[in-house]
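Colleague: Below: one structure in structure tokens.
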Amino acid sequence: MNKKYLLMIGLVASSVLTACGDGETSGEDSYEIGVVQYADHPSLDQATEGFKAAIEEAGLNVNYNDANPNGDQNQLQSIADNFASEGLDLVFANATPAAQFMESSVTDAPILFTSVTDPVGAQLVESLEEPGGNASGTVDFHPDAISNSIELMNEEFGYENIGMIYNTGEQNSQHQVSLAKEAAAALGMTIHEAPIQTTADVLTAAESLLGSIDAFYIITDNDAVAGLDSIINVAERESLPLFVGELDSVEAGGFAGFGFSYYDIGYKTGEMAVEILENGADVSTMSVELPPELKLVFNKGAAERMGLDWNTSWDELAEDVITE
């Protein structure tokens, strides 16, 4: 924990004691939380909703300063600078780029992140068990998610060439693509990459893969997921199945994916915030939390639109089947 953060805790504690001395109770304390969500898409929306729900259910009196740069990193820096100067009690950062900008600028408040794939590789924490600095939170990556998805494409469908669209500037995406390439190589499969810089590049990237691939596989890349509708349109038009990296994208029209609830990891992050604000927990020693067990979900309507004949064995294979 840095000296500035220790000083902040002391000042907060002093203000609390002063308030109680005036006859107020700690239950009447209010907190200021900065909330930054990197972009709008269903999974990130669910995570933010879960975070706030946990705090509301704990009965805390909180004022939120909400910010969304819509994937614009210049705006993200401005948000980080504002949060750093506002004397916030806590910052909630949703997605890896948001967490990285907050961690580099906000030194006087605890930062809780979610929807981050590789917090060690992103240099947000020293280790998952002992974060060491002023940031901790929850990850949106299950250790088996990538390998299970690649194995499903190979063993159940016999696909050999998989197209992946991702922002090369996102550290979490680089990590996932690296794992996918490793898993694919072990099964004799090939990953075809279509890099993007922004969501505006998604349609062109999807079309650049046509003729080379048997299926799309979209991981939890924020720009690719934000542009998922474009990929779905190409997949349906070209009769190519679309595998995805989280359940909200299955519900949005992807064919199949291993995932978990983003609401749940956001809710867990909210519980960590309550521990810090109400019970004085030290974020530097709060271990990073992993998501719960994976489940496989199919979208039957998407399968039909992507030219797949429904196999009744998939009803047994999946934990859930979405019918539209």
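Every chain in the structure tokens has a letter given in the order shown (A, B, ...), and although residue numbers restart at 1 in each chain, ligands are simply numbered from 1 in the order shown.
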Set the distance at 9 Å and use only C-alpha atoms: which residues neighbour Val125 in chain A once local chain neighbours fewer than 5 positions away are removed? I'd like the list as a list of chain:residue names.
Modeller: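 Within the cut-off, the hits are A:Pro119, A:Val120, A:Glu130, A:Pro131, A:Gly132, A:Gly133, A:Asn134, A:Ala135, A:Ser136, A:Ser284, A:Val288.
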Colleague: Could you write those residues out with N, CA and C atoms, as a PDB file, in the first residue's frame?
Modeller:
```pdb
ATOM      1  N   PRO A 119      -4.876 -10.040 -15.327  1.00  0.00           N
ATOM      2  CA  PRO A 119      -4.442  -8.869 -14.542  1.00  0.00           C
ATOM      3  C   PRO A 119      -2.954  -8.825 -14.253  1.00  0.00           C
ATOM      4  N   VAL A 120      -2.296  -9.995 -14.216  1.00  0.00           N
ATOM      5  CA  VAL A 120      -0.838  -9.988 -14.013  1.00  0.00           C
ATOM      6  C   VAL A 120      -0.149  -9.509 -15.288  1.00  0.00           C
ATOM      7  N   GLU A 130      -1.727 -12.191  -4.114  1.00  0.00           N
ATOM      8  CA  GLU A 130      -1.299 -11.003  -3.363  1.00  0.00           C
ATOM      9  C   GLU A 130      -1.134  -9.846  -4.350  1.00  0.00           C
ATOM     10  N   PRO A 131      -2.182  -9.092  -4.600  1.00  0.00           N
ATOM     11  CA  PRO A 131      -2.105  -8.012  -5.613  1.00  0.00           C
ATOM     12  C   PRO A 131      -0.989  -7.009  -5.330  1.00  0.00           C
ATOM     13  N   GLY A 132      -0.794  -6.631  -4.073  1.00  0.00           N
ATOM     14  CA  GLY A 132       0.358  -5.820  -3.706  1.00  0.00           C
ATOM     15  C   GLY A 132       0.204  -4.319  -3.847  1.00  0.00           C
ATOM     16  N   GLY A 133      -0.644  -3.826  -4.736  1.00  0.00           N
ATOM     17  CA  GLY A 133      -0.798  -2.389  -4.933  1.00  0.00           C
ATOM     18  C   GLY A 133      -2.162  -1.904  -4.494  1.00  0.00           C
ATOM     19  N   ASN A 134      -2.743  -0.972  -5.232  1.00  0.00           N
ATOM     20  CA  ASN A 134      -4.056  -0.446  -4.856  1.00  0.00           C
ATOM     21  C   ASN A 134      -5.167  -0.961  -5.764  1.00  0.00           C
ATOM     22  N   ALA A 135      -4.898  -2.110  -6.454  1.00  0.00           N
ATOM     23  CA  ALA A 135      -5.919  -2.676  -7.348  1.00  0.00           C
ATOM     24  C   ALA A 135      -6.095  -4.170  -7.122  1.00  0.00           C
ATOM     25  N   SER A 136      -7.350  -4.604  -7.200  1.00  0.00           N
ATOM     26  CA  SER A 136      -7.696  -6.025  -7.195  1.00  0.00           C
ATOM     27  C   SER A 136      -9.061  -6.135  -7.872  1.00  0.00           C
ATOM     28  N   SER A 284      -4.810  -4.278  -1.190  1.00  0.00           N
ATOM     29  CA  SER A 284      -3.530  -4.849  -1.610  1.00  0.00           C
ATOM     30  C   SER A 284      -3.380  -6.312  -1.229  1.00  0.00           C
ATOM     31  N   VAL A 288      -7.377 -11.759  -6.182  1.00  0.00           N
ATOM     32  CA  VAL A 288      -8.207 -11.626  -7.377  1.00  0.00           C
ATOM     33  C   VAL A 288      -9.097 -12.863  -7.492  1.00  0.00           C
TER      34      VAL A 288
END
```
Colleague: Fewer than 5 positions away in the same chain doesn't count, so skip those; otherwise give me all residues within 7 Å of Phe255 in chain A, counting only C-alpha atoms, as a list of chain:residue names.
Modeller: A:Pro241, A:Leu242, A:Phe243, A:Val250, A:Phe298, A:Asn299, A:Ala302, A:Ala303
Colleague: DSSP says alpha helix (DSSP H) for which residues of range 18-150 of chain A? Put them as a PyMOL selection string?
Modeller: chain A and resi 18-21+42-57+73-85+96-105+145-150
Colleague: Considering only C-alpha atoms, state which residue in the set A:Thr323, A:Ser249, A:Ser230, A:Asn68 is at the smallest distance from Thr48 in chain A.
Modeller: A:Asn68
Colleague: Would you kindly return, as an mmCIF file with C-alpha atoms, in the first residue's frame, each protein, DNA or RNA residue with an atom no farther than 12 Å from any atom of Ala186 in chain A, considering only C-alpha atoms and excluding same-chain residues fewer than 6 positions away?
Modeller:
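Once everything was written out, this is around-v6.cif:
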```
data_model
loop_
_atom_site.group_PDB
_atom_site.id
_atom_site.type_symbol
_atom_site.label_atom_id
_atom_site.label_comp_id
_atom_site.auth_asym_id
_atom_site.auth_seq_id
_atom_site.Cartn_x
_atom_site.Cartn_y
_atom_site.Cartn_z
ATOM 1 C CA SER A 147 -9.235 -25.062 -24.732
ATOM 2 C CA ILE A 150 -11.238 -25.255 -29.538
ATOM 3 C CA GLU A 151 -11.838 -28.908 -28.622
ATOM 4 C CA ASN A 154 -12.599 -29.912 -33.573
ATOM 5 C CA GLU A 160 -9.788 -27.072 -38.996
ATOM 6 C CA LEU A 179 -3.887 -19.592 -25.873
ATOM 7 C CA ALA A 180 -6.227 -20.354 -28.779
#
```
Colleague: Would you kindly return, as a PyMOL selection string, each protein, DNA or RNA residue with an atom no farther than 9 Å from any atom of Gly87 in chain A, considering only C-alpha atoms and excluding same-chain residues fewer than 2 positions away?
Modeller: chain A and resi 8+32+83-85+89-90+108-109
